[in-house]
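As stored in structure.cif (mmCIF, C-alpha atoms and all ligand atoms):
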```cif
data_final
#
loop_
_atom_site.label_atom_id
_atom_site.label_comp_id
_atom_site.auth_asym_id
_atom_site.auth_seq_id
_atom_site.Cartn_x
_atom_site.Cartn_y
_atom_site.Cartn_z
CA MET Y 204 102.63 126.28 132.66
CA ARG Y 205 101.80 123.51 130.24
CA PRO Y 206 98.61 121.55 130.85
CA ARG Y 207 99.22 118.13 132.35
CA ARG Y 208 98.73 115.34 129.82
CA THR Y 209 98.02 111.74 130.54
CA ASP Y 210 97.63 110.46 127.03
CA ILE Y 211 99.22 109.78 123.68
CA ASP Y 212 99.06 112.33 120.86
CA ILE Y 213 98.17 110.80 117.51
CA GLU Y 214 99.60 112.51 114.46
CA PRO Y 215 99.00 111.07 110.96
CA LEU Y 216 102.19 111.56 108.94
CA SER Y 217 101.88 110.13 105.42
CA ASP Y 218 101.23 106.90 103.54
CA GLY Y 219 99.82 104.90 106.45
CA ILE Y 220 102.30 106.12 109.07
CA TRP Y 221 101.26 107.66 112.38
CA ARG Y 222 103.36 109.22 115.09
CA LEU Y 223 102.19 108.27 118.58
CA ASN Y 224 103.79 110.65 121.06
CA GLU Y 225 103.57 109.68 124.71
CA TYR Y 226 103.50 112.64 127.11
CA ASP Y 227 105.46 114.98 124.78
CA PHE Y 228 108.34 112.67 125.55
CA VAL Y 229 108.91 109.76 123.21
CA ASN Y 230 107.88 109.10 119.61
CA CYS Y 231 106.52 105.74 118.54
CA PHE Y 232 105.45 105.01 114.95
CA LEU Y 233 102.56 102.93 113.70
CA ILE Y 234 102.87 101.71 110.11
CA THR Y 235 100.04 99.91 108.33
CA GLY Y 236 100.10 97.70 105.24
CA THR Y 237 97.25 95.90 103.53
CA ASP Y 238 97.59 92.77 105.70
CA SER Y 239 99.19 93.80 108.96
CA ALA Y 240 100.75 96.64 110.91
CA CYS Y 241 103.79 97.28 113.03
CA LEU Y 242 104.49 99.56 115.94
CA ILE Y 243 108.06 100.85 116.14
CA ASP Y 244 108.78 101.47 119.82
CA ALA Y 245 106.14 101.34 122.50
CA GLY Y 246 106.83 104.33 124.77
CA ALA Y 247 107.31 104.15 128.52
CA GLY Y 248 104.16 102.12 129.10
CA VAL Y 249 102.43 104.67 131.30
CA ALA Y 250 99.70 105.32 128.75
CA ASP Y 251 97.96 102.25 127.27
CA ILE Y 252 99.45 102.39 123.80
CA ALA Y 253 97.83 99.10 122.73
CA ALA Y 254 94.40 100.70 123.20
CA VAL Y 255 95.50 103.75 121.22
CA VAL Y 256 96.71 101.56 118.35
CA LYS Y 257 93.31 99.82 118.29
CA THR Y 258 91.58 103.15 117.68
CA ILE Y 259 93.59 103.41 114.43
CA THR Y 260 93.74 99.84 113.11
CA ASP Y 261 92.47 96.32 113.80
CA LEU Y 262 95.15 94.72 111.64
CA PRO Y 263 97.40 92.07 113.22
CA LEU Y 264 100.28 93.94 114.86
CA LYS Y 265 103.96 93.30 115.47
CA VAL Y 266 105.82 95.39 118.03
CA LEU Y 267 109.40 96.24 117.00
CA ILE Y 268 111.72 97.88 119.55
CA THR Y 269 114.69 100.04 118.50
CA HIS Y 270 116.62 99.58 121.75
CA ALA Y 271 116.41 98.68 125.42
CA HIS Y 272 115.67 101.89 127.25
CA ALA Y 273 112.56 102.14 129.39
CA ASP Y 274 111.07 104.98 127.36
CA HIS Y 275 111.02 102.78 124.22
CA VAL Y 276 110.55 99.21 125.42
CA GLY Y 277 108.47 100.04 128.53
CA GLY Y 278 105.19 100.15 126.61
CA ALA Y 279 105.72 96.59 125.40
CA VAL Y 280 104.05 95.67 128.70
CA TRP Y 281 100.73 96.31 126.94
CA PHE Y 282 101.38 93.55 124.38
CA LYS Y 283 101.85 89.77 124.39
CA GLU Y 284 105.21 89.90 122.61
CA ALA Y 285 107.75 92.31 121.17
CA TYR Y 286 110.87 92.03 119.00
CA ILE Y 287 114.23 93.31 120.27
CA HIS Y 288 117.85 92.60 119.30
CA ALA Y 289 119.54 89.88 121.39
CA LYS Y 290 122.22 92.32 122.60
CA ASP Y 291 119.50 94.45 124.21
CA ARG Y 292 117.21 91.67 125.33
CA ARG Y 293 118.33 91.32 128.94
CA SER Y 294 118.40 95.04 129.50
CA GLY Y 295 115.03 95.33 127.78
CA TRP Y 296 113.58 92.82 130.19
CA ASP Y 297 114.77 94.92 133.13
CA CYS Y 298 113.58 98.17 131.56
CA MET Y 299 109.99 96.97 131.47
CA ARG Y 300 109.75 96.94 135.26
CA ALA Y 301 107.36 99.61 136.54
CA TYR Y 302 110.01 101.34 138.68
CA GLN Y 303 112.32 101.66 135.65
CA ARG Y 304 109.56 103.26 133.61
CA ALA Y 305 108.72 105.57 136.49
CA TYR Y 306 112.40 106.51 136.86
CA PHE Y 307 112.44 107.80 133.28
CA LEU Y 308 109.34 109.86 133.81
CA TYR Y 309 110.59 111.44 137.02
CA SER Y 310 114.21 111.94 136.09
CA HIS Y 311 114.22 113.08 132.51
CA PRO Y 312 114.85 116.84 132.49
CA TYR Y 313 112.22 117.90 130.03
CA LYS Y 314 109.74 115.40 131.32
CA ARG Y 315 110.05 116.99 134.75
CA LYS Y 316 109.26 120.36 133.26
CA THR Y 317 106.05 119.23 131.63
CA HIS Y 318 104.25 116.57 133.65
CA HIS Y 319 104.03 114.89 137.01
CA VAL Y 320 102.70 111.39 136.56
CA PRO Y 321 101.92 109.61 139.84
CA TYR Y 322 103.97 106.49 140.46
CA SER Y 323 100.73 104.55 140.84
CA VAL Y 324 99.95 105.26 137.19
CA CYS Y 325 103.27 103.71 136.16
CA LEU Y 326 102.32 100.63 138.14
CA GLN Y 327 98.91 100.19 136.57
CA ARG Y 328 100.32 97.62 134.15
CA ASP Y 329 102.90 95.29 135.64
CA HIS Y 330 103.09 92.53 133.05
CA ARG Y 331 106.04 91.66 130.84
CA PRO Y 332 105.66 90.21 127.35
CA ALA Y 333 107.74 87.60 125.54
CA LEU Y 334 110.79 89.18 123.91
CA LEU Y 335 111.47 87.76 120.44
CA ASP Y 336 114.77 87.96 118.57
CA LEU Y 337 115.23 90.80 116.11
CA ARG Y 338 118.18 90.39 113.73
CA GLU Y 339 120.06 92.38 111.13
CA GLY Y 340 118.25 91.87 107.83
CA ASP Y 341 114.91 90.79 109.31
CA VAL Y 342 112.11 91.87 107.00
CA PHE Y 343 108.49 92.25 108.10
CA ASP Y 344 106.00 92.08 105.24
CA LEU Y 345 102.94 94.20 106.07
CA GLY Y 346 101.34 93.79 102.62
CA GLY Y 347 102.25 96.42 100.01
CA ARG Y 348 105.27 97.44 102.04
CA THR Y 349 108.04 95.81 104.06
CA ILE Y 350 109.94 96.97 107.11
CA GLU Y 351 113.63 96.04 107.10
CA THR Y 352 115.91 95.86 110.12
CA PHE Y 353 119.50 97.19 110.30
CA LEU Y 354 121.77 96.76 113.32
CA THR Y 355 123.44 100.09 114.18
CA PRO Y 356 125.03 99.83 117.64
CA GLY Y 357 126.06 103.00 119.45
CA HIS Y 358 123.41 104.38 121.78
CA THR Y 359 123.12 100.77 123.04
CA PRO Y 360 124.83 97.58 121.80
CA GLY Y 361 121.60 96.28 120.25
CA SER Y 362 120.27 99.50 118.71
CA VAL Y 363 118.54 98.91 115.39
CA ILE Y 364 116.92 101.14 112.81
CA PHE Y 365 114.09 100.26 110.44
CA ARG Y 366 113.42 101.23 106.82
CA ASP Y 367 109.99 101.31 105.20
CA SER Y 368 110.15 100.06 101.61
CA LEU Y 369 107.14 102.11 100.48
CA THR Y 370 108.44 105.55 101.45
CA GLY Y 371 112.15 104.91 102.07
CA ASP Y 372 111.63 106.48 105.50
CA LEU Y 373 113.91 105.47 108.37
CA PHE Y 374 112.94 105.02 112.01
CA THR Y 375 116.05 105.44 114.12
CA GLY Y 376 114.96 105.46 117.78
CA ASP Y 377 117.70 107.18 119.79
CA ASN Y 378 120.72 106.09 117.77
CA VAL Y 379 120.17 109.01 115.42
CA ASN Y 380 118.47 111.85 117.19
CA PRO Y 381 118.74 115.63 117.68
CA MET Y 382 120.70 114.78 120.85
CA VAL Y 383 122.80 111.65 120.37
CA THR Y 384 123.69 110.15 123.75
CA LEU Y 385 126.57 107.68 123.98
CA HIS Y 386 127.45 108.37 127.62
CA PHE Y 387 124.92 106.04 129.25
CA PRO Y 388 126.29 102.90 130.94
CA ARG Y 389 125.73 100.62 127.93
CA GLY Y 390 126.83 103.15 125.31
CA GLU Y 391 129.35 102.08 122.66
CA THR Y 392 132.47 103.88 121.44
CA VAL Y 393 132.20 106.95 119.24
CA GLU Y 394 133.77 104.90 116.42
CA THR Y 395 131.06 102.25 116.69
CA TRP Y 396 128.31 104.87 116.60
CA LEU Y 397 129.97 106.59 113.68
CA ALA Y 398 129.85 103.44 111.53
CA GLY Y 399 126.12 103.08 112.19
CA ALA Y 400 125.46 106.78 111.65
CA ARG Y 401 127.19 106.71 108.26
CA ARG Y 402 125.17 103.66 107.36
CA THR Y 403 121.98 105.45 108.40
CA LEU Y 404 122.82 108.46 106.24
CA ALA Y 405 123.50 106.21 103.25
CA LEU Y 406 120.24 104.32 103.81
CA ALA Y 407 118.21 107.51 104.14
CA GLY Y 408 118.39 108.37 100.44
CA GLU Y 409 115.34 110.49 99.66
CA GLY Y 410 113.45 109.12 102.68
CA ARG Y 411 112.75 110.98 105.89
CA ILE Y 412 114.41 110.23 109.23
CA TYR Y 413 111.91 109.77 112.05
CA VAL Y 414 113.52 109.82 115.48
CA GLY Y 415 112.73 108.77 119.05
CA HIS Y 416 112.54 112.26 120.56
CA GLY Y 417 111.80 115.74 119.31
CA ASP Y 418 110.25 117.09 116.16
CA GLN Y 419 109.92 115.09 112.98
CA PRO Y 420 111.54 114.45 110.63
CA LEU Y 421 115.18 115.03 111.55
CA PRO Y 422 116.95 117.29 109.03
CA LYS Y 423 119.69 115.23 107.35
CA SER Y 424 122.07 118.14 107.89
CA TRP Y 425 121.77 117.49 111.66
CA LEU Y 426 122.93 113.93 111.23
CA GLU Y 427 125.76 115.16 108.98
CA GLU Y 428 126.80 117.66 111.67
CA ASN Y 429 126.96 114.97 114.34
CA ILE Y 430 128.90 112.68 112.00
CA ALA Y 431 131.41 115.47 111.29
CA PHE Y 432 131.78 116.12 115.01
CA ALA Y 433 132.30 112.42 115.76
CA GLU Y 434 134.91 112.25 112.98
CA SER Y 435 136.78 115.16 114.56
CA LEU Y 436 136.75 113.35 117.92
CA VAL Y 437 138.13 110.17 116.38
CA LYS Y 438 140.84 112.15 114.62
CA LYS Y 439 141.93 113.71 117.92
CA GLY Y 440 141.78 110.31 119.64
CA ASN Y 441 141.35 109.46 123.30
CA ARG Y 442 143.04 112.21 125.29
CA SER Y 443 141.96 111.43 128.85
CA GLY Y 444 139.62 109.74 131.33
CA GLY Y 445 135.92 109.20 131.69
CA LYS Y 446 134.32 112.62 131.64
CA THR Y 447 131.10 113.17 129.76
CA ARG Y 448 131.62 115.75 127.06
CA ILE Y 449 128.89 117.58 125.24
CA ALA Y 450 129.22 118.79 121.69
CA LYS Y 451 128.06 122.27 120.70
CA GLY Y 452 126.48 123.07 124.08
CA GLU Y 453 123.83 121.20 125.99
CA GLU Y 454 120.96 123.47 124.99
CA LYS Y 455 121.85 123.73 121.34
CA LEU Y 456 120.80 121.04 118.90
CA PRO Y 457 122.04 118.93 117.26
CA CYS Y 458 124.55 117.66 119.79
CA LEU Y 459 126.41 114.51 120.70
CA LYS Y 460 127.15 113.45 124.27
CA TYR Y 461 129.97 111.02 124.80
CA ARG Y 462 132.66 109.96 127.24
CA GLN Y 463 136.24 110.76 126.45
CA ASN Y 464 137.27 107.20 127.26
CA ARG Y 465 134.87 105.98 124.62
CA VAL Y 466 136.84 107.55 121.82
CA ALA Y 467 138.68 104.36 121.11
CA ASN Y 468 141.21 105.55 118.53
CA GLY Y 469 140.43 102.48 116.50
CA LYS Y 470 140.04 100.07 119.39
CA GLN Y 471 137.82 99.60 122.43
CA THR Y 472 139.21 101.42 125.48
CA LYS Y 473 138.91 100.49 129.12
CA GLU Y 474 135.96 102.00 130.95
CA HIS Y 475 136.54 104.47 133.76
CA GLY Y 476 134.18 106.38 136.02
CA LYS Y 477 130.78 105.42 134.64
ZN ZN N 501 117.54 105.51 124.52
ZN ZN N 502 114.72 107.59 124.37
#
```

Once more with this new file: its structure as structure tokens, please.
Amino acid sequence: MRPRRTDIDIEPLSDGIWRLNEYDFVNCFLITGTDSACLIDAGAGVADIAAVVKTITDLPLKVLITHAHADHVGGAVWFKEAYIHAKDRRSGWDCMRAYQRAYFLYSHPYKRKTHHVPYSVCLQRDHRPALLDLREGDVFDLGGRTIETFLTPGHTPGSVIFRDSLTGDLFTGDNVNPMVTLHFPRGETVETWLAGARRTLALAGEGRIYVGHGDQPLPKSWLEENIAFAESLVKKGNRSGGKTRIAKGEEKLPCLKYRQNRVANGKQTKEHGK
């Protein structure tokens, strides 16, 4: 049995980048420049990530959120403000509620295997910050490096990825991941995800791809595999109703989870059986 953890693992990566991993569950990334720093994703907000960041840097900090799921935006509760795309803003606001963050911790399959965090711990911080607009093309100058924003809808309508100008590294949240999930209620069509995934691959160049869950960095071949699978789905088109289908087996990575009625065959299809 794994020891219970109630903290955030700090792992220095390279060139002023740290991975902050909350409860073996979600990856957040701290990037420092000469003048300021940014935190990409904030975890579920159970651990005090703001205090953890302060042990690494005192630089002024901006919090940038890849998408509105409680395991990424939840930790924004520890800050005064955070940036999120307008298409995910409302959902992001809801996801910061303590019960939403607790839901993730109790319901996520591999979370359940590893830890049991009391609900009271999730409630210890019940404050919500201002949510500021994050747009395609927004550039954050940290001094000596910039962080650029790209809108890549798929996992959610407002999913964004970020690129660090110094290393060329990408930070993709859940939109590009070992397990791509498009079957959640606010997931987009496979075609929409595919466009963003191809863009991500093109942007990656020689940089690394740091993702929201799992080991780092993501092998580019995994992204290529998921792109090839999504292309095969689009070629076949929408055959039937709203079942969730899983590519290459649930336990085997990389995989892509989708709903058959979200293979749009070139156009958005009607939703059935969410
Ligand atoms: Zn997500
Ligand atoms: Zn996630």

Could the residues that lie within 7 Å of ligand ZN 502 (chain N), counting only C-alpha atoms and all ligand atoms, be listed as number ranges by chain? Y: 229, 272, 274-275, 376-377, 415-416

Let me have all residues with an atom within 12 Å of ligand ZN 501 (chain N), counting only C-alpha atoms and all ligand atoms, laid out as a PyMOL selection string. chain Y and resi 228-230+244+246-247+268-277+291+294-295+298+307+311+356-363+375-380+382-390+414-416

With 6 Å as the threshold, what does the neighbourhood of (102.6, 101.0, 107.4) contain in terms of residues, counting all atoms listed in the file? Coordinates are those of the file; answer as a ChimeraX atom specification. /Y:219-220,234-236,240

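Non-sequential neighbours of Leu262 in chain Y (distance at most 7 Å, separation of 2 or more positions within a chain, only C-alpha atoms) are Asp238, Ser239, Ala240, Thr260 and Leu264 of chain Y.
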
Applying 7 Å and all atoms listed in the file, which residues near range 392-399 of chain Y remain after dropping the ones on its own chain fewer than 2 positions away? List them as a PDB file with C-alpha atoms, in the frame of the given file.
```
ATOM      1  CA  THR Y 355     123.440 100.090 114.180  1.00  0.00           C
ATOM      2  CA  PRO Y 356     125.030  99.830 117.640  1.00  0.00           C
ATOM      3  CA  GLY Y 357     126.060 103.000 119.450  1.00  0.00           C
ATOM      4  CA  GLY Y 390     126.830 103.150 125.310  1.00  0.00           C
ATOM      5  CA  ARG Y 401     127.190 106.710 108.260  1.00  0.00           C
ATOM      6  CA  ARG Y 402     125.170 103.660 107.360  1.00  0.00           C
ATOM      7  CA  THR Y 403     121.980 105.450 108.400  1.00  0.00           C
ATOM      8  CA  ILE Y 430     128.900 112.680 112.000  1.00  0.00           C
ATOM      9  CA  ALA Y 433     132.300 112.420 115.760  1.00  0.00           C
ATOM     10  CA  VAL Y 437     138.130 110.170 116.380  1.00  0.00           C
ATOM     11  CA  ARG Y 465     134.870 105.980 124.620  1.00  0.00           C
ATOM     12  CA  VAL Y 466     136.840 107.550 121.820  1.00  0.00           C
ATOM     13  CA  ALA Y 467     138.680 104.360 121.110  1.00  0.00           C
ATOM     14  CA  GLN Y 471     137.820  99.600 122.430  1.00  0.00           C
TER      15      GLN Y 471
END
```

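Atom pair CA of Pro381 in chain Y / CA of Leu421 in chain Y: separated by 7.1 Å.
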
Select, counting only C-alpha atoms, all protein, DNA and RNA residues no farther than 8 Å from (104.7, 105.7, 118.6) in file coordinates, and express the selection as an NGL selection string. :Y and (221-225 or 229-233 or 242-246)

So what do you get for CA of Thr258 in chain Y versus CA of Arg292 in chain Y, distance-wise?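 The value is 29.1 Å.
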
Nearest-residue call for Val324 in chain Y, choices Y:Ala301, Y:Leu267, Y:Ile252, Y:Val342, using all atoms listed in the file: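 Among Y:Ala301, Y:Leu267, Y:Ile252, Y:Val342, it is Y:Ala301 that comes nearest to Val324 in chain Y.
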
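The space separating CA of Pro332 in chain Y from CA of Phe282 in chain Y comes to 6.2 Å.
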
Choose the residue, out of Y:Ser310, Y:Thr370, Y:Asn429, Y:Ser424, that has the smallest atom-to-atom separation from Ser217 in chain Y; count all atoms listed in the file.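 Once distances to Ser217 in chain Y are computed over all atoms listed in the file, the minimum belongs to Y:Thr370.
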
Using only C-alpha atoms, determine which residues lie at most 6 Å from Trp281 in chain Y, disregarding the query and same-chain residues fewer than 2 positions distant; provide the list as an MDAnalysis selection string. chainID Y and resid 253 278:279

So, counting all atoms listed in the file, which residue among Y:Asp367, Y:Asp261, Y:Glu284, Y:Asp418 is closest to Leu406 in chain Y? Y:Asp367

Residue nearest Asp372 in chain Y among Y:Ala289, Y:Ile213, Y:Leu404, Y:Leu354 (counting only C-alpha atoms):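 When distances to Asp372 in chain Y are compared using only C-alpha atoms, the smallest one comes from Y:Leu404.
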
If we count only C-alpha atoms and set the cut-off at 7 Å, which residues sit around Gly410 in chain Y, ignoring sequence neighbours fewer than 2 positions away in its own chain? Please answer as a PyMOL selection string. chain Y and resi 370-373+407-408+412

Taking into account only C-alpha atoms, which residue in the set Y:Lys283, Y:Lys439, Y:Arg338, Y:Lys423 is nearest to Phe365 in chain Y?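 Residue with the minimum atom-to-atom distance to Phe365 in chain Y: Y:Arg338.
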